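With CSV, C-alpha atoms inside, this is structure_29.csv:
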chain,number,residue,atom,x,y,z
A,27,MET,CA,60.9,90.1,101.1
A,28,THR,CA,63.2,91.8,98.7
A,29,LYS,CA,66.9,91.5,99.7
A,30,THR,CA,68.9,94.8,99.6
A,31,ALA,CA,72.6,95.2,99.1
A,32,ILE,CA,74.5,98.5,99.5
A,33,ILE,CA,77.7,98.7,97.4
A,34,THR,CA,80.2,101.5,97.9
A,35,GLY,CA,82.7,102.4,95.1
A,36,ALA,CA,80.0,101.2,92.7
A,37,SER,CA,81.0,103.5,89.8
A,38,SER,CA,83.7,101.2,88.4
A,39,GLY,CA,85.7,98.0,88.8
A,40,ILE,CA,84.8,95.5,91.6
A,41,GLY,CA,81.9,97.6,92.9
A,42,GLN,CA,80.3,97.9,89.5
A,43,ALA,CA,80.7,94.2,88.7
A,44,THR,CA,79.4,93.3,92.2
A,45,ALA,CA,76.3,95.5,91.8
A,46,LYS,CA,75.5,93.8,88.5
A,47,GLU,CA,76.1,90.3,89.9
A,48,LEU,CA,74.0,90.8,93.0
A,49,ALA,CA,71.2,92.4,91.0
A,50,SER,CA,71.2,89.4,88.7
A,51,LYS,CA,70.6,87.3,91.8
A,52,GLY,CA,67.5,89.3,92.7
A,53,TYR,CA,69.0,91.8,95.1
A,54,HIS,CA,67.8,95.4,95.0
A,55,VAL,CA,71.1,97.2,94.9
A,56,MET,CA,71.9,100.6,96.3
A,57,LEU,CA,74.8,102.1,94.4
A,58,ALA,CA,77.1,104.5,96.1
A,59,ALA,CA,80.0,106.5,94.7
A,60,ARG,CA,81.0,110.1,94.0
A,61,ARG,CA,80.6,110.1,90.2
A,62,GLU,CA,76.9,110.5,89.5
A,63,ASP,CA,77.2,110.1,85.8
A,64,ARG,CA,78.6,106.6,86.3
A,65,LEU,CA,75.9,105.7,88.8
A,66,VAL,CA,73.1,106.8,86.5
A,67,GLU,CA,74.6,104.7,83.7
A,68,LEU,CA,75.0,101.7,85.9
A,69,LYS,CA,71.5,102.0,87.3
A,70,LYS,CA,70.1,102.0,83.7
A,71,GLU,CA,72.2,98.9,82.8
A,72,ILE,CA,70.9,97.0,85.7
A,73,GLU,CA,67.3,97.9,85.1
A,74,ASP,CA,67.6,97.2,81.4
A,75,ALA,CA,68.7,93.7,82.4
A,76,GLY,CA,65.6,93.3,84.6
A,77,GLY,CA,67.2,94.2,87.9
A,78,SER,CA,66.3,96.7,90.6
A,79,ALA,CA,68.6,99.5,91.5
A,80,GLN,CA,68.8,103.0,93.0
A,81,TYR,CA,71.8,105.2,93.7
A,82,LYS,CA,73.0,107.9,96.0
A,83,VAL,CA,76.0,110.1,95.5
A,84,THR,CA,78.1,109.4,98.6
A,85,ASP,CA,81.5,110.3,100.0
A,86,VAL,CA,82.5,107.4,102.2
A,87,THR,CA,84.7,109.7,104.3
A,88,SER,CA,81.6,111.4,105.7
A,89,ALA,CA,79.9,109.5,108.5
A,90,ASP,CA,76.7,111.6,107.9
A,91,GLU,CA,76.6,110.7,104.2
A,92,MET,CA,77.1,107.0,104.9
A,93,LYS,CA,74.3,107.1,107.5
A,94,SER,CA,72.0,108.8,104.9
A,95,LEU,CA,72.9,106.2,102.4
A,96,ALA,CA,71.8,103.4,104.8
A,97,GLU,CA,68.6,105.2,105.6
A,98,ALA,CA,67.8,105.7,102.0
A,99,ALA,CA,68.3,101.9,101.3
A,100,LEU,CA,66.2,101.1,104.4
A,101,GLU,CA,63.4,103.4,103.3
A,102,LYS,CA,63.2,101.7,99.9
A,103,THR,CA,62.8,98.0,101.1
A,104,GLY,CA,62.6,98.1,104.9
A,105,ASN,CA,65.7,96.0,105.4
A,106,ILE,CA,69.5,95.9,104.6
A,107,ASP,CA,70.8,92.5,103.9
A,108,VAL,CA,74.3,93.2,102.6
A,109,LEU,CA,76.9,96.0,102.8
A,110,VAL,CA,79.9,95.7,100.5
A,111,ASN,CA,82.4,98.2,101.8
A,112,ASN,CA,84.4,98.3,98.5
A,113,ALA,CA,85.4,101.9,98.0
A,114,GLY,CA,89.2,102.3,98.2
A,115,LEU,CA,92.3,104.2,97.0
A,116,MET,CA,95.7,102.8,96.1
A,117,PRO,CA,98.2,105.6,95.4
A,118,LEU,CA,101.3,103.5,96.1
A,119,SER,CA,104.5,105.4,96.8
A,120,PHE,CA,107.9,105.0,98.4
A,121,MET,CA,107.8,106.6,101.9
A,122,ASN,CA,110.7,108.9,101.3
A,123,LYS,CA,108.6,110.7,98.7
A,124,LEU,CA,106.5,112.0,101.7
A,125,LYS,CA,103.2,112.0,99.8
A,126,ILE,CA,101.4,112.9,103.0
A,127,ASP,CA,98.2,114.1,101.2
A,128,GLU,CA,97.9,110.6,99.6
A,129,TRP,CA,98.5,108.9,103.0
A,130,ASP,CA,95.7,111.0,104.5
A,131,GLN,CA,93.4,110.0,101.6
A,132,MET,CA,94.1,106.3,102.0
A,133,VAL,CA,93.4,106.5,105.7
A,134,ASP,CA,90.2,108.4,105.2
A,135,VAL,CA,88.8,106.2,102.4
A,136,ASN,CA,90.3,102.8,103.2
A,137,ILE,CA,89.9,102.8,106.9
A,138,LYS,CA,87.4,105.5,108.0
A,139,GLY,CA,85.2,104.7,105.0
A,140,VAL,CA,84.9,101.1,106.2
A,141,LEU,CA,84.2,102.2,109.8
A,142,TYR,CA,81.6,104.6,108.7
A,143,GLY,CA,79.9,101.9,106.6
A,144,ILE,CA,79.8,99.6,109.5
A,145,ALA,CA,78.5,102.4,111.8
A,146,ALA,CA,75.7,103.1,109.3
A,147,VAL,CA,74.4,99.6,109.0
A,148,LEU,CA,75.2,97.8,112.2
A,149,PRO,CA,72.4,99.2,114.3
A,150,ILE,CA,70.0,98.4,111.6
A,151,MET,CA,71.3,94.8,111.2
A,152,GLU,CA,71.3,94.3,115.0
A,153,LYS,CA,67.6,95.5,115.2
A,154,GLN,CA,66.5,93.2,112.3
A,155,LYS,CA,68.9,90.4,113.7
A,156,PHE,CA,70.4,89.6,110.3
A,157,GLY,CA,72.7,91.0,107.7
A,158,HIS,CA,76.1,90.5,106.0
A,159,ILE,CA,79.0,93.0,106.0
A,160,LEU,CA,81.7,92.4,103.5
A,161,ASN,CA,84.9,94.5,103.7
A,162,VAL,CA,87.3,94.6,100.8
A,163,SER,CA,90.9,94.3,102.0
A,164,SER,CA,93.7,93.2,99.7
A,165,VAL,CA,96.6,90.7,99.3
A,166,ALA,CA,98.5,93.9,100.5
A,167,GLY,CA,96.7,93.4,103.8
A,168,HIS,CA,98.5,90.0,104.1
A,169,GLN,CA,102.0,91.0,102.9
A,170,VAL,CA,103.9,94.3,102.5
A,171,PHE,CA,105.9,95.1,99.4
A,172,LYS,CA,108.0,98.1,98.4
A,173,GLY,CA,105.8,101.1,97.8
A,174,SER,CA,102.9,99.6,99.7
A,175,ALA,CA,103.7,100.6,103.3
A,176,VAL,CA,100.8,102.9,103.9
A,177,TYR,CA,98.3,101.2,101.6
A,178,SER,CA,99.1,97.8,103.2
A,179,GLY,CA,98.7,99.5,106.6
A,180,THR,CA,95.2,100.5,105.7
A,181,LYS,CA,94.3,97.0,104.4
A,182,TYR,CA,95.8,95.2,107.4
A,183,ALA,CA,93.5,97.6,109.4
A,184,VAL,CA,90.5,96.5,107.4
A,185,ARG,CA,91.2,92.8,108.2
A,186,ALA,CA,91.7,93.6,111.9
A,187,ILE,CA,88.5,95.7,112.1
A,188,SER,CA,86.5,93.0,110.3
A,189,GLU,CA,87.8,90.2,112.5
A,190,GLY,CA,87.1,92.2,115.7
A,191,LEU,CA,83.6,92.9,114.5
A,192,ARG,CA,83.0,89.3,113.7
A,193,GLN,CA,84.0,88.2,117.2
A,194,GLU,CA,81.7,90.9,118.8
A,195,ILE,CA,78.5,89.8,116.9
A,196,ASP,CA,75.8,88.5,119.3
A,197,PRO,CA,75.6,84.7,118.4
A,198,ALA,CA,71.8,85.1,118.6
A,199,ASN,CA,71.9,87.4,115.6
A,200,GLU,CA,72.4,86.1,112.0
A,201,ILE,CA,74.9,88.8,111.1
A,202,ARG,CA,78.0,87.6,109.1
A,203,VAL,CA,81.3,89.4,108.4
A,204,THR,CA,83.5,88.6,105.4
A,205,ILE,CA,86.9,89.9,104.5
A,206,VAL,CA,87.5,89.9,100.7
A,207,SER,CA,91.2,90.1,99.8
A,208,PRO,CA,91.9,90.4,96.1
A,209,GLY,CA,95.3,90.2,94.5
A,210,ALA,CA,96.1,91.9,91.2
A,211,VAL,CA,92.9,93.0,89.5
A,212,GLU,CA,92.5,94.9,86.3
A,213,THR,CA,90.7,98.0,87.7
A,214,GLU,CA,91.2,101.8,87.9
A,215,LEU,CA,93.0,101.6,91.2
A,216,THR,CA,96.4,102.0,89.7
A,217,ASN,CA,95.3,105.3,88.0
A,218,THR,CA,95.8,107.0,91.4
A,219,ILE,CA,99.6,106.2,91.6
A,220,THR,CA,101.7,109.3,91.1
A,221,ASP,CA,105.1,107.9,92.1
A,222,GLU,CA,107.0,107.2,88.8
A,223,ASP,CA,109.4,104.8,90.6
A,224,VAL,CA,106.5,102.6,91.7
A,225,LEU,CA,104.9,102.7,88.2
A,226,ASN,CA,108.3,101.7,86.7
A,227,SER,CA,108.6,98.8,89.2
A,228,PHE,CA,105.2,97.5,87.9
A,229,LYS,CA,106.5,97.5,84.3
A,230,GLU,CA,109.6,95.6,85.4
A,231,GLY,CA,107.6,93.0,87.3
A,232,GLY,CA,106.7,90.9,84.2
A,233,LYS,CA,103.4,90.0,82.7
A,234,MET,CA,100.7,87.8,84.2
A,235,THR,CA,97.0,87.2,83.6
A,236,MET,CA,95.3,89.7,85.9
A,237,LEU,CA,92.0,89.0,87.7
A,238,GLN,CA,89.0,90.7,86.3
A,239,ALA,CA,86.5,92.6,88.5
A,240,GLN,CA,83.9,89.9,87.7
A,241,ASP,CA,86.1,87.3,89.4
A,242,ILE,CA,85.9,89.2,92.7
A,243,ALA,CA,82.1,89.8,92.2
A,244,ASN,CA,81.7,86.1,91.8
A,245,ALA,CA,83.6,85.5,95.1
A,246,ILE,CA,81.4,88.1,96.9
A,247,SER,CA,78.3,86.5,95.5
A,248,TYR,CA,79.4,83.1,96.7
A,249,ALA,CA,79.8,84.4,100.2
A,250,VAL,CA,76.5,86.2,100.4
A,251,GLU,CA,74.6,83.3,98.9
A,252,GLN,CA,75.6,80.8,101.5
A,253,PRO,CA,73.0,79.6,104.1
A,254,SER,CA,72.6,81.7,107.2
A,255,HIS,CA,74.6,79.3,109.4
A,256,VAL,CA,77.6,79.5,107.0
A,257,ASP,CA,79.9,82.5,107.6
A,258,VAL,CA,82.7,82.7,105.0
A,259,ASN,CA,85.2,84.6,107.1
A,260,GLU,CA,87.8,85.5,104.5
A,261,ILE,CA,88.3,85.0,100.8
A,262,LEU,CA,91.9,85.5,99.5
A,263,ILE,CA,91.9,85.4,95.7
A,264,ARG,CA,95.0,86.0,93.5
A,265,PRO,CA,95.9,85.5,89.8
A,266,ARG,CA,97.4,82.0,89.5
A,267,GLN,CA,100.7,83.6,88.5
A,268,GLN,CA,100.9,86.1,91.3
A,269,PRO,CA,103.7,85.4,93.7

Could you rewrite the structure in this file as structure tokens?
Amino acid sequence: MTKTAIITGASSGIGQATAKELASKGYHVMLAARREDRLVELKKEIEDAGGSAQYKVTDVTSADEMKSLAEAALEKTGNIDVLVNNAGLMPLSFMNKLKIDEWDQMVDVNIKGVLYGIAAVLPIMEKQKFGHILNVSSVAGHQVFKGSAVYSGTKYAVRAISEGLRQEIDPANEIRVTIVSPGAVETELTNTITDEDVLNSFKEGGKMTMLQAQDIANAISYAVEQPSHVDVNEILIRPRQQP
């Protein structure tokens, strides 16, 4: 039976690296993001390397689109083994800047997107009695720093939702839940920051060797490749030099 993995936010960074990694392990990967040109390119790269992939342009803030994504993956292989809820935004800002639109976007993508992903696959996984849901949180979901109040709030929420889901899983079902909390990773996430004060604080913070997206993909692959009786509950992964 072909194993299927759905990856949201697959058009760049951690999602893209995870899609390639799982495809290399024999998973059929369903790529989800909003940028179709990136998805087309990634699908070709995976197939050229001998992997199996399909894509569906998806807005994770739409419960209907997430349900359609899961249904498309299910139709292709008849099962959903893995969901990587990776899509996220990080427009950090100081709260007195009142960037309310950015707060709303983070709540919609980082929290609701995760919930809608769970809602889309959980009934399927309960019916098939197996599956693995991996929700990408952050080191910011473990500690708050200046400029991260709302972002950290969304990432703490991801951890709480994931742990609550883990506890609710029927022990008779081989469904696993993993929280993945990356530290500083070299991705496009910082491109969404519009607060110049936050950007300046980054520059003043000194230099360190950042994690690469592949480092997180390797961690995700480790979790999903464990035997069914092993549930890797949380992976917290930082650059060695990160405080």

- Would you please work out which residue, of A:Pro117, A:Gly52, A:Gly39, A:Gly143, is nearest to Val86 (chain A) when using only C-alpha atoms?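 Nearest to Val86 (chain A): A:Gly143.
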
- Item | Near-Gln42 (chain A) list (10 Å; only C-alpha atoms; drop same-chain fewer than 5 positions) as a ChimeraX atom specification | /A:33-37,47,57-58,64-65,68-69,112,239-240,243

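Closest approach to Ala145 (chain A) among A:Asp74, A:Asp90, A:Glu101, A:Asp63 is made by A:Asp90 (distances from all atoms listed in the file).
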
Residues of region 194-226 of chain A that approach region 251-261 of chain A to 12 Å or less, counting only C-alpha atoms: could you list each one with the shortest pair of atoms and its distance in Å to one decimal, rows by chain and increasing residue number, as a tab-separated table?
residue	atom	partner	partner_atom	distance
A:Ile195	CA	A:Asp257	CA	11.9
A:Pro197	CA	A:His255	CA	10.5
A:Ala198	CA	A:His255	CA	11.2
A:Asn199	CA	A:Ser254	CA	10.2
A:Glu200	CA	A:Ser254	CA	6.5
A:Ile201	CA	A:Ser254	CA	8.4
A:Arg202	CA	A:Asp257	CA	5.6
A:Val203	CA	A:Asn259	CA	6.3
A:Thr204	CA	A:Asn259	CA	4.7
A:Ile205	CA	A:Glu260	CA	4.5
A:Val206	CA	A:Ile261	CA	5.0
A:Ser207	CA	A:Ile261	CA	6.0
A:Pro208	CA	A:Ile261	CA	8.0
A:Gly209	CA	A:Ile261	CA	10.8

- Could you work out how far CA of Val170 (chain A) lies from CA of Asp130 (chain A), giving the answer in Å with one decimal? 18.7 Å

- Task: Name the residues in contact with region 162-166 of chain A at a cut-off of 9 Å, using all atoms listed in the file, excluding same-chain residues fewer than 3 positions from it; report them as an MDAnalysis selection string.
- Result: chainID A and resid 110:114 136 140 169:171 174:175 177:185 204:210 262:264

- Task: Work out how far apart CA of Thr103 (chain A) and CA of Thr28 (chain A) are and give it in Å to one decimal.
- Result: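 Taking CA of Thr103 (chain A) as the start and CA of Thr28 (chain A) as the end point, the length is 6.7 Å.
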
- Name all residues at most 9 Å from Gln154 (chain A) (count only C-alpha atoms; drop same-chain ones fewer than 2 positions away) and give them as JSON, numbers by chain. {"A": [105, 106, 149, 150, 151, 152, 156, 157, 199]}

- Task: For CA of Ser78 (chain A) and CA of Asn161 (chain A), determine how far apart the two atoms are, in Å to one decimal place.
- Result: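 About the pair CA of Ser78 (chain A) and CA of Asn161 (chain A): they are 22.9 Å apart.
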
- Message: Between A:Thr220, A:Lys70, A:Val250, A:Leu141, which residue has the minimum interatomic distance to Ala186 (chain A), considering all atoms listed in the file?
- Response: A:Leu141

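A cut-off of 12 Å from the point (110.0, 107.6, 103.6), with all atoms listed in the file, picks out the residues Ser119, Phe120, Met121, Asn122, Lys123, Leu124, Lys125, Ile126, Trp129, Lys172, Gly173, Ser174, Ala175 and Val176 of chain A.
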
- Message: Under the rule that all atoms listed in the file are counted, which of A:Ala249, A:Ile242, A:Met27, A:Ile72 is the nearest residue to Gly104 (chain A)?
- Response: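 Distance minimum relative to Gly104 (chain A) lands on A:Met27.
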
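Between Ile246 (chain A) and the candidates A:His158, A:Lys138, A:Lys93, A:His168, the tightest atom-to-atom separation, counting all atoms listed in the file, involves A:His158.
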
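Of the listed residues (A:Leu115, A:Gln268, A:Ala43, A:Thr87), A:Gln268 comes nearest to Lys233 (chain A); the distances count only C-alpha atoms.
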